[in-house]
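*Asks:* run.cif (mmCIF, C-alpha atoms) pasted underneath:
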```cif
data_structure
#
loop_
_atom_site.label_atom_id
_atom_site.label_comp_id
_atom_site.auth_asym_id
_atom_site.auth_seq_id
_atom_site.Cartn_x
_atom_site.Cartn_y
_atom_site.Cartn_z
CA LYS Y 90 -27.84 -32.82 -6.19
CA ILE Y 91 -24.63 -31.31 -7.52
CA LEU Y 92 -26.10 -27.80 -7.26
CA ILE Y 93 -27.22 -28.42 -3.69
CA SER Y 94 -23.78 -29.76 -2.75
CA THR Y 95 -22.17 -26.68 -4.27
CA MET Y 96 -24.46 -24.36 -2.30
CA ILE Y 97 -23.73 -26.23 0.92
CA ALA Y 98 -19.95 -26.03 0.35
CA HIS Y 99 -20.12 -22.28 -0.28
CA ARG Y 100 -22.34 -21.82 2.77
CA PHE Y 101 -19.72 -23.60 4.85
CA LEU Y 102 -17.00 -21.33 3.48
CA SER Y 103 -18.95 -18.14 4.20
CA ALA Y 104 -19.60 -19.27 7.78
CA ALA Y 105 -16.02 -20.30 8.46
CA THR Y 106 -15.56 -17.56 11.04
CA THR Y 107 -18.14 -19.10 13.35
CA ARG Y 108 -17.77 -22.83 12.73
CA SER Y 109 -14.94 -25.20 13.45
CA LEU Y 110 -14.82 -27.38 10.34
CA SER Y 111 -12.44 -30.07 9.29
CA ARG Y 112 -10.48 -28.79 6.30
CA ARG Y 113 -10.28 -32.29 4.92
CA ALA Y 114 -14.04 -32.85 5.18
CA LEU Y 115 -14.83 -29.51 3.59
CA LEU Y 116 -12.46 -30.06 0.69
CA SER Y 117 -13.85 -33.53 0.11
CA THR Y 118 -17.33 -32.05 -0.19
CA SER Y 119 -16.13 -29.29 -2.51
CA LEU Y 120 -13.96 -31.45 -4.73
CA ALA Y 121 -16.31 -34.38 -5.10
CA PHE Y 122 -17.99 -32.67 -8.04
CA SER Y 123 -14.94 -30.81 -9.36
CA THR Y 124 -12.63 -33.43 -10.77
CA THR Y 125 -13.96 -33.18 -14.31
CA THR Y 126 -11.78 -31.52 -16.93
CA SER Y 127 -12.30 -27.78 -17.37
CA ASN Y 128 -13.17 -26.58 -20.85
CA HIS Y 129 -11.04 -23.45 -20.46
CA ASP Y 130 -7.97 -23.74 -18.27
CA VAL Y 131 -6.53 -20.38 -17.24
CA PHE Y 132 -3.04 -21.68 -18.04
CA SER Y 133 -2.16 -24.79 -20.02
CA LYS Y 134 -0.25 -26.06 -16.98
CA ILE Y 135 0.28 -24.62 -13.51
CA SER Y 136 3.15 -25.99 -11.43
CA PHE Y 137 3.35 -25.46 -7.68
CA ILE Y 138 6.76 -25.56 -6.02
CA GLY Y 139 5.83 -26.22 -2.41
CA THR Y 140 2.48 -27.56 -1.19
CA GLY Y 141 1.96 -25.71 2.08
CA LYS Y 142 -1.12 -23.82 3.24
CA MET Y 143 -0.87 -21.03 0.69
CA ALA Y 144 -0.37 -23.43 -2.21
CA GLN Y 145 -3.41 -25.42 -1.12
CA ALA Y 146 -5.36 -22.18 -0.68
CA LEU Y 147 -4.77 -21.60 -4.40
CA ILE Y 148 -5.18 -25.15 -5.67
CA ALA Y 149 -8.60 -25.70 -4.06
CA PRO Y 150 -10.46 -22.73 -5.63
CA LEU Y 151 -8.80 -23.25 -9.00
CA ILE Y 152 -10.44 -26.66 -9.06
CA THR Y 153 -13.75 -25.91 -7.34
CA GLN Y 154 -14.33 -22.82 -9.50
CA LYS Y 155 -13.43 -24.87 -12.57
CA LEU Y 156 -10.67 -22.47 -13.56
CA GLN Y 157 -8.09 -25.22 -13.97
CA ALA Y 158 -8.50 -28.95 -14.47
CA PRO Y 159 -6.75 -31.06 -11.79
CA SER Y 160 -4.83 -32.84 -14.56
CA SER Y 161 -3.37 -29.48 -15.60
CA ILE Y 162 -1.95 -28.84 -12.14
CA ASN Y 163 1.37 -30.30 -11.02
CA ALA Y 164 2.94 -30.07 -7.58
CA PHE Y 165 6.36 -30.68 -6.09
CA ASP Y 166 7.40 -30.80 -2.46
CA VAL Y 167 10.49 -32.08 -0.69
CA SER Y 168 8.19 -34.04 1.60
CA ASP Y 169 6.69 -37.27 0.26
CA GLU Y 170 4.06 -37.03 2.97
CA ALA Y 171 3.02 -33.58 1.73
CA LEU Y 172 2.70 -34.87 -1.84
CA LYS Y 173 0.59 -37.78 -0.66
CA ARG Y 174 -1.68 -35.33 1.15
CA VAL Y 175 -2.10 -33.33 -2.06
CA GLU Y 176 -3.05 -36.48 -3.96
CA ASP Y 177 -5.62 -37.35 -1.30
CA LEU Y 178 -7.14 -33.89 -1.06
CA TYR Y 179 -7.16 -33.04 -4.75
CA PRO Y 180 -7.86 -36.12 -6.89
CA GLY Y 181 -6.38 -35.79 -10.37
CA VAL Y 182 -3.64 -33.31 -9.47
CA GLN Y 183 -0.26 -34.54 -10.72
CA VAL Y 184 2.74 -34.75 -8.40
CA SER Y 185 6.44 -34.82 -9.24
CA ASN Y 186 9.54 -35.94 -7.38
CA SER Y 187 11.75 -33.17 -8.78
CA ILE Y 188 11.44 -29.52 -9.73
CA PRO Y 189 12.53 -30.06 -13.37
CA ASP Y 190 9.82 -32.69 -13.85
CA CYS Y 191 7.23 -30.48 -12.18
CA ILE Y 192 7.87 -27.35 -14.27
CA GLN Y 193 8.25 -29.04 -17.65
CA ASP Y 194 5.71 -27.55 -20.11
CA ALA Y 195 4.28 -25.27 -17.40
CA ASN Y 196 3.49 -21.70 -18.37
CA LEU Y 197 2.81 -20.66 -14.76
CA ILE Y 198 5.26 -21.66 -12.03
CA VAL Y 199 4.07 -20.81 -8.52
CA TYR Y 200 6.75 -20.31 -5.88
CA ALA Y 201 4.95 -21.37 -2.69
CA VAL Y 202 8.08 -21.78 -0.58
CA LYS Y 203 9.70 -20.01 2.35
CA PRO Y 204 11.85 -16.99 1.38
CA GLN Y 205 15.00 -18.81 2.50
CA ASN Y 206 14.31 -21.56 -0.07
CA VAL Y 207 13.82 -19.27 -3.07
CA GLU Y 208 17.51 -19.37 -4.03
CA LYS Y 209 17.48 -23.19 -4.17
CA VAL Y 210 14.40 -23.23 -6.40
CA ASN Y 211 15.92 -20.55 -8.64
CA ALA Y 212 19.04 -22.68 -9.06
CA GLU Y 213 16.99 -25.75 -10.08
CA ILE Y 214 15.00 -23.80 -12.67
CA ARG Y 215 18.11 -22.07 -13.97
CA ARG Y 216 19.82 -25.44 -14.40
CA ALA Y 217 16.82 -26.85 -16.26
CA LYS Y 218 16.73 -23.81 -18.53
CA GLU Y 219 20.46 -23.92 -19.28
CA GLU Y 220 20.67 -27.68 -19.82
CA LYS Y 221 17.39 -28.35 -21.65
CA GLY Y 222 16.40 -24.98 -23.07
CA THR Y 223 12.70 -24.79 -23.95
CA ASP Y 224 12.35 -28.50 -23.16
CA GLY Y 225 13.18 -27.64 -19.57
CA VAL Y 226 11.45 -24.27 -19.19
CA ARG Y 227 9.01 -22.78 -21.68
CA ASP Y 228 9.96 -19.44 -23.25
CA ASP Y 229 6.62 -17.98 -22.16
CA ALA Y 230 6.81 -19.38 -18.63
CA ILE Y 231 5.79 -16.98 -15.86
CA ILE Y 232 6.91 -17.19 -12.25
CA LEU Y 233 4.26 -16.24 -9.68
CA SER Y 234 5.75 -15.81 -6.22
CA VAL Y 235 3.88 -15.81 -2.92
CA ALA Y 236 7.13 -15.69 -0.94
CA ALA Y 237 7.33 -12.74 1.45
CA GLY Y 238 10.03 -10.10 1.08
CA THR Y 239 11.73 -11.49 -2.03
CA PRO Y 240 11.99 -8.87 -4.81
CA ILE Y 241 11.25 -9.56 -8.46
CA SER Y 242 14.91 -9.04 -9.43
CA ASN Y 243 15.93 -12.07 -7.35
CA PHE Y 244 13.74 -14.35 -9.45
CA VAL Y 245 14.79 -12.89 -12.79
CA GLU Y 246 18.50 -13.02 -12.01
CA GLY Y 247 18.39 -16.32 -10.14
CA SER Y 248 16.19 -18.40 -12.44
CA LEU Y 249 16.77 -16.66 -15.79
CA VAL Y 250 12.98 -16.62 -16.27
CA GLU Y 251 12.22 -13.16 -17.59
CA LYS Y 252 8.52 -12.95 -16.75
CA VAL Y 253 7.86 -12.69 -13.02
CA ALA Y 254 4.83 -11.70 -10.95
CA ARG Y 255 5.27 -11.10 -7.24
CA SER Y 256 2.33 -11.25 -4.85
CA MET Y 257 1.61 -10.80 -1.15
CA PRO Y 258 -1.50 -12.75 -0.10
CA ASN Y 259 -2.68 -13.18 3.48
CA THR Y 260 -3.93 -16.11 5.55
CA PRO Y 261 -7.70 -15.50 5.08
CA ALA Y 262 -7.06 -16.63 1.50
CA GLN Y 263 -7.31 -20.14 2.97
CA ILE Y 264 -11.08 -19.65 3.22
CA GLY Y 265 -11.43 -17.60 0.04
CA ALA Y 266 -11.48 -14.27 1.90
CA GLY Y 267 -7.92 -13.09 1.34
CA VAL Y 268 -6.56 -9.91 -0.18
CA THR Y 269 -3.50 -10.09 -2.41
CA VAL Y 270 -1.34 -7.19 -3.58
CA TRP Y 271 0.66 -8.02 -6.68
CA GLY Y 272 2.82 -6.57 -9.41
CA CYS Y 273 4.85 -7.91 -12.30
CA THR Y 274 7.60 -7.27 -14.83
CA GLU Y 275 6.69 -5.02 -17.75
CA ASN Y 276 7.15 -7.82 -20.30
CA ILE Y 277 4.03 -9.62 -19.03
CA ASN Y 278 1.34 -8.58 -21.49
CA ALA Y 279 -2.27 -7.59 -20.78
CA ASP Y 280 -3.68 -11.05 -21.52
CA GLU Y 281 -1.16 -12.73 -19.23
CA ARG Y 282 -1.88 -10.19 -16.48
CA LYS Y 283 -5.58 -10.94 -16.80
CA LYS Y 284 -4.86 -14.65 -16.34
CA ILE Y 285 -2.69 -14.02 -13.27
CA LYS Y 286 -5.43 -11.81 -11.84
CA THR Y 287 -7.96 -14.62 -12.39
CA VAL Y 288 -5.75 -17.02 -10.44
CA LEU Y 289 -5.29 -14.58 -7.54
CA ASP Y 290 -8.95 -13.55 -7.51
CA SER Y 291 -9.90 -17.18 -6.99
CA PHE Y 292 -9.04 -16.98 -3.28
CA GLY Y 293 -10.16 -13.44 -2.48
CA LYS Y 294 -9.62 -9.90 -3.71
CA SER Y 295 -6.58 -8.82 -5.67
CA VAL Y 296 -5.00 -5.38 -5.92
CA PHE Y 297 -2.57 -4.71 -8.77
CA VAL Y 298 0.21 -2.14 -8.26
CA ASP Y 299 2.57 -0.67 -10.84
CA ASP Y 300 5.39 -0.12 -8.33
CA GLU Y 301 6.91 -3.06 -6.46
CA LYS Y 302 7.46 -0.86 -3.39
CA PHE Y 303 3.74 -1.09 -2.69
CA ILE Y 304 4.10 -4.85 -2.24
CA ASP Y 305 6.63 -4.39 0.56
CA MET Y 306 4.29 -1.85 2.12
CA SER Y 307 1.30 -4.15 1.83
CA THR Y 308 3.16 -6.82 3.77
CA SER Y 309 2.89 -4.59 6.83
CA ILE Y 310 -0.85 -3.96 6.45
CA SER Y 311 -2.66 -6.78 4.67
CA GLY Y 312 0.05 -9.46 4.73
CA SER Y 313 0.77 -9.42 8.46
CA GLY Y 314 -2.43 -7.55 9.33
CA PRO Y 315 -4.44 -10.65 10.30
CA ALA Y 316 -1.99 -11.23 13.18
CA TYR Y 317 -2.77 -7.76 14.56
CA ILE Y 318 -6.49 -8.48 14.35
CA PHE Y 319 -6.05 -11.87 16.03
CA LEU Y 320 -4.11 -10.23 18.86
CA LEU Y 321 -6.91 -7.68 19.34
CA MET Y 322 -9.41 -10.51 19.18
CA GLU Y 323 -7.49 -12.48 21.80
CA ALA Y 324 -7.30 -9.49 24.15
CA MET Y 325 -11.02 -8.74 23.83
CA ILE Y 326 -11.97 -12.37 24.45
CA ASP Y 327 -9.70 -12.60 27.49
CA ALA Y 328 -11.23 -9.39 28.89
CA GLY Y 329 -14.70 -10.87 28.43
CA VAL Y 330 -13.69 -14.01 30.28
CA HIS Y 331 -12.15 -11.89 33.04
CA MET Y 332 -15.47 -10.08 33.44
CA GLY Y 333 -17.40 -13.33 33.75
CA PHE Y 334 -18.44 -14.51 30.29
CA SER Y 335 -17.71 -18.08 29.31
CA ARG Y 336 -14.91 -18.29 26.76
CA GLU Y 337 -17.33 -19.64 24.18
CA THR Y 338 -19.75 -16.71 24.61
CA ALA Y 339 -16.95 -14.14 24.69
CA THR Y 340 -15.54 -15.63 21.48
CA VAL Y 341 -18.88 -15.42 19.67
CA LEU Y 342 -19.37 -11.82 20.78
CA VAL Y 343 -15.91 -10.73 19.65
CA HIS Y 344 -15.98 -12.64 16.35
CA HIS Y 345 -19.28 -11.12 15.31
CA THR Y 346 -18.36 -7.66 16.55
CA LEU Y 347 -15.25 -7.61 14.36
CA LEU Y 348 -17.03 -9.23 11.41
CA GLY Y 349 -20.07 -6.96 11.60
CA SER Y 350 -18.00 -3.81 12.09
CA THR Y 351 -15.88 -4.63 9.04
CA LYS Y 352 -18.91 -5.34 6.86
CA PHE Y 353 -20.60 -2.16 8.11
CA ALA Y 354 -17.55 -0.06 7.25
CA MET Y 355 -17.28 -1.61 3.79
CA GLU Y 356 -20.95 -1.26 2.93
CA THR Y 357 -21.41 2.28 4.23
CA GLY Y 358 -18.13 3.57 2.82
CA GLU Y 359 -17.88 6.01 5.72
CA HIS Y 360 -14.57 7.13 7.18
CA PRO Y 361 -13.72 5.07 10.31
CA ALA Y 362 -13.68 8.25 12.40
CA VAL Y 363 -17.29 8.96 11.42
CA LEU Y 364 -18.33 5.43 12.32
CA ARG Y 365 -16.46 5.58 15.63
CA ASN Y 366 -18.11 8.88 16.53
CA SER Y 367 -21.53 7.41 15.77
CA VAL Y 368 -20.96 4.86 18.54
CA THR Y 369 -19.38 7.31 20.98
CA SER Y 370 -21.86 9.31 23.09
CA PRO Y 371 -20.57 12.23 25.19
CA ALA Y 372 -19.47 11.04 28.64
CA GLY Y 373 -20.69 7.56 27.77
CA THR Y 374 -19.25 4.07 28.14
CA THR Y 375 -17.59 4.05 24.72
CA ALA Y 376 -16.05 7.47 25.35
CA SER Y 377 -14.47 6.12 28.54
CA ALA Y 378 -13.01 3.15 26.67
CA ILE Y 379 -11.69 5.31 23.83
CA TYR Y 380 -10.05 7.63 26.36
CA GLU Y 381 -8.08 4.71 27.81
CA LEU Y 382 -7.05 3.52 24.34
CA GLU Y 383 -5.86 6.99 23.35
CA ASN Y 384 -4.15 7.51 26.69
CA GLY Y 385 -2.30 4.21 26.12
CA LYS Y 386 -1.13 5.44 22.68
CA PHE Y 387 -3.15 2.78 20.89
CA ARG Y 388 -2.82 4.51 17.50
CA THR Y 389 0.92 5.05 17.92
CA VAL Y 390 1.56 1.43 18.88
CA ILE Y 391 -0.38 0.19 15.85
CA LYS Y 392 1.47 2.54 13.49
CA ASP Y 393 4.87 1.67 15.01
CA ALA Y 394 4.09 -2.03 14.55
CA ILE Y 395 3.20 -1.48 10.89
CA TRP Y 396 6.40 0.48 10.28
CA ALA Y 397 8.45 -2.25 12.02
CA CYS Y 398 6.88 -4.87 9.79
CA TYR Y 399 7.59 -2.80 6.67
CA ARG Y 400 11.23 -2.35 7.69
CA ARG Y 401 11.62 -6.09 8.23
CA SER Y 402 10.13 -6.77 4.80
CA LEU Y 403 12.72 -4.47 3.26
CA GLU Y 404 15.52 -6.20 5.18
CA MET Y 405 14.37 -9.60 3.94
CA GLY Y 406 14.63 -8.27 0.40
CA GLY Y 407 18.15 -6.93 0.96
CA LYS Y 408 17.00 -3.30 0.87
CA CYS Y 409 17.72 -0.36 3.14
CA SER Y 410 15.30 -0.45 6.06
CA GLN Y 411 16.08 2.98 7.47
CA VAL Y 412 12.61 4.29 6.70
CA GLY Y 413 9.85 5.78 8.81
CA PRO Y 414 9.70 8.16 11.75
CA ASN Y 415 12.90 8.70 13.75
CA ARG Y 416 15.05 6.62 11.42
CA VAL Y 417 18.45 7.48 9.96
CA SER Y 418 18.06 8.24 6.27
CA SER Y 419 20.26 6.67 3.60
CA ASP Y 420 21.64 10.16 2.77
CA SER Y 421 22.70 10.80 6.35
CA LEU Y 422 24.70 7.58 6.37
CA LEU Y 423 26.78 9.24 3.67
CA GLY Y 424 27.00 12.49 5.63
CA VAL Y 425 24.35 14.35 3.63
CA GLY Y 426 21.48 16.27 5.23
CA SER Y 427 19.68 15.63 8.51
CA SER Y 428 20.36 12.39 10.34
CA ILE Y 429 16.78 11.88 11.48
CA SER Y 430 13.61 11.41 9.46
CA SER Y 431 10.96 13.68 10.95
CA GLY Y 432 7.95 11.88 9.61
CA HIS Y 433 7.43 10.16 6.31
CA HIS Y 434 9.98 7.64 5.11
CA PRO Y 435 12.91 9.26 3.31
CA VAL Y 436 12.99 6.88 0.36
CA GLU Y 437 11.47 8.00 -2.92
CA PRO Y 438 7.73 7.31 -2.82
CA PRO Y 439 6.23 4.74 -5.22
CA THR Y 440 5.03 5.97 -8.58
CA GLY Y 441 1.98 4.89 -10.53
CA GLU Y 442 -1.62 4.42 -9.56
CA MET Y 443 -2.86 1.50 -7.53
CA LYS Y 444 -5.45 -0.43 -9.51
CA THR Y 445 -8.07 -2.54 -7.80
CA LYS Y 446 -10.21 -5.19 -9.36
CA SER Y 447 -13.69 -4.13 -10.33
#
```
Now, as a test, write the supplied structure out as structure tokens.
*Replies:*
Amino acid sequence: KILISTMIAHRFLSAATTRSLSRRALLSTSLAFSTTTSNHDVFSKISFIGTGKMAQALIAPLITQKLQAPSSINAFDVSDEALKRVEDLYPGVQVSNSIPDCIQDANLIVYAVKPQNVEKVNAEIRRAKEEKGTDGVRDDAIILSVAAGTPISNFVEGSLVEKVARSMPNTPAQIGAGVTVWGCTENINADERKKIKTVLDSFGKSVFVDDEKFIDMSTSISGSGPAYIFLLMEAMIDAGVHMGFSRETATVLVHHTLLGSTKFAMETGEHPAVLRNSVTSPAGTTASAIYELENGKFRTVIKDAIWACYRRSLEMGGKCSQVGPNRVSSDSLLGVGSSISSGHHPVEPPTGEMKTKS
């Protein structure tokens, strides 16, 4: 019966794009057989600061995949209602009424808060470290941030915790289909990196990068990317309704077109241009549609949006955002060289190879 329940829960997750399921009902089904203690916790204790959607997207698979026992997970939130919800959804997970209580003895501290709240959390952890030493914060404690735009240096300087991993997940992680770009300080050893990777892999695919600049870049593609897809989805559905389809039918057609096209691209490994050409017959219907998209500067609008997102990510991290086409370079602000970037961003490109999980 347990095996059947597990299969049903995973089937529900894989079909989440076409079914409207209650998150509470799904989690109840998944967690009913997952409250037993794990034999091999990834970390001895994981503490979550903040219990929003992204925190819950991590907590659920850690438990259902038996990577971490509920009793080895602690959560803090400023909202008592949010903590009560965590207790209801994830039986056995511990909750705390303060950050110092939550992080005590934890060797992984997950920052699942808004960027504007990072400084407050840093101050609490710094105070615990200064006042209680290792009784407040373990020497081997690692901070794992899912906060957008906040650079690693902010956590190191603000909290005094020397080991920090920064990640940029996206919203599909909530159904186990996310992609997360992450990097970390050099003092995190290979074994610790493997453990962090295990945690991030639990809700999708992870991509490790040696240079933190790639994380800011990924915000504009994978981090905010789902919003671009949803906007395209919305436009296609509305067009279908305008032509005469019911909204339900138009939605099914668009959902499966996007889903199938993505799977097809991934499984064939072909360049998107090759796949597009295979659908586009000379003087055909698709050719007419592509002509209108190109005439409307579809590619340029998409690329400009991605650059705008990247610039905003840099601004949120207190960095120079004068990057990208037709932007004033940092040198020109000092009166050196040309005042306009003609193409690629003028900042020094990231170094190191991007490593993907096997």
*Asks:* Expand the PyMOL selection byres ((chain Y and resi 381-393) around 12) into the explicit residue set it covers here, and present it as a PyMOL selection string.
*Replies:* chain Y and resi 309-310+314+316-318+320-321+374-380+394-400+412-416+432
*Asks:* Just how far from atom CA of Ile162 of chain Y is atom CA of Lys134 of chain Y, in Å to one decimal?
*Replies:* 5.8 Å
*Asks:* Give me the residues within 7 Å of segment 229-237 of chain Y as a ChimeraX atom specification, counting all atoms listed in the file and dropping any in the same chain fewer than 3 places off.
*Replies:* /Y:195-204,226,252-258
*Asks:* So what does the PyMOL selection byres ((chain Y and resi 192) around 9) actually pick up in this one, as a VMD selection string?
*Replies:* chain Y and resid 134 to 138 163 to 165 187 to 191 193 to 198 214 225 to 227
*Asks:* Expanded to explicit residues, what is the PyMOL selection byres ((chain Y and resi 325) around 12) for this file, as a short mmCIF file (atom, residue, chain, number, x, y, z; two decimals) with C-alpha atoms, keeping the file's coordinate frame?
*Replies:*
```
data_model
loop_
_atom_site.label_atom_id
_atom_site.label_comp_id
_atom_site.auth_asym_id
_atom_site.auth_seq_id
_atom_site.Cartn_x
_atom_site.Cartn_y
_atom_site.Cartn_z
CA ILE Y 318 -6.49 -8.48 14.35
CA PHE Y 319 -6.05 -11.87 16.03
CA LEU Y 320 -4.11 -10.23 18.86
CA LEU Y 321 -6.91 -7.68 19.34
CA MET Y 322 -9.41 -10.51 19.18
CA GLU Y 323 -7.49 -12.48 21.80
CA ALA Y 324 -7.30 -9.49 24.15
CA ILE Y 326 -11.97 -12.37 24.45
CA ASP Y 327 -9.70 -12.60 27.49
CA ALA Y 328 -11.23 -9.39 28.89
CA GLY Y 329 -14.70 -10.87 28.43
CA VAL Y 330 -13.69 -14.01 30.28
CA HIS Y 331 -12.15 -11.89 33.04
CA MET Y 332 -15.47 -10.08 33.44
CA PHE Y 334 -18.44 -14.51 30.29
CA ARG Y 336 -14.91 -18.29 26.76
CA THR Y 338 -19.75 -16.71 24.61
CA ALA Y 339 -16.95 -14.14 24.69
CA THR Y 340 -15.54 -15.63 21.48
CA VAL Y 341 -18.88 -15.42 19.67
CA LEU Y 342 -19.37 -11.82 20.78
CA VAL Y 343 -15.91 -10.73 19.65
CA HIS Y 344 -15.98 -12.64 16.35
CA THR Y 346 -18.36 -7.66 16.55
CA LEU Y 347 -15.25 -7.61 14.36
#
```
*Asks:* List as JSON, numbers by chain the protein and nucleic acid residues near segment 279-290 of chain Y, meaning an atom at most 9 Å away when all atoms listed in the file are counted, but skip any in the same chain fewer than 3 places from it.
*Replies:* {"Y": [131, 132, 147, 150, 151, 156, 197, 231, 233, 254, 256, 258, 265, 267, 268, 269, 271, 273, 293, 294, 295, 296, 297, 446]}
*Asks:* Y:Thr223, Y:Val210, Y:Gln154, Y:Gln145: which is nearest Val182 of chain Y, counting only C-alpha atoms?
*Replies:*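 Counting only C-alpha atoms, the residue closest to Val182 of chain Y is Y:Gln145.
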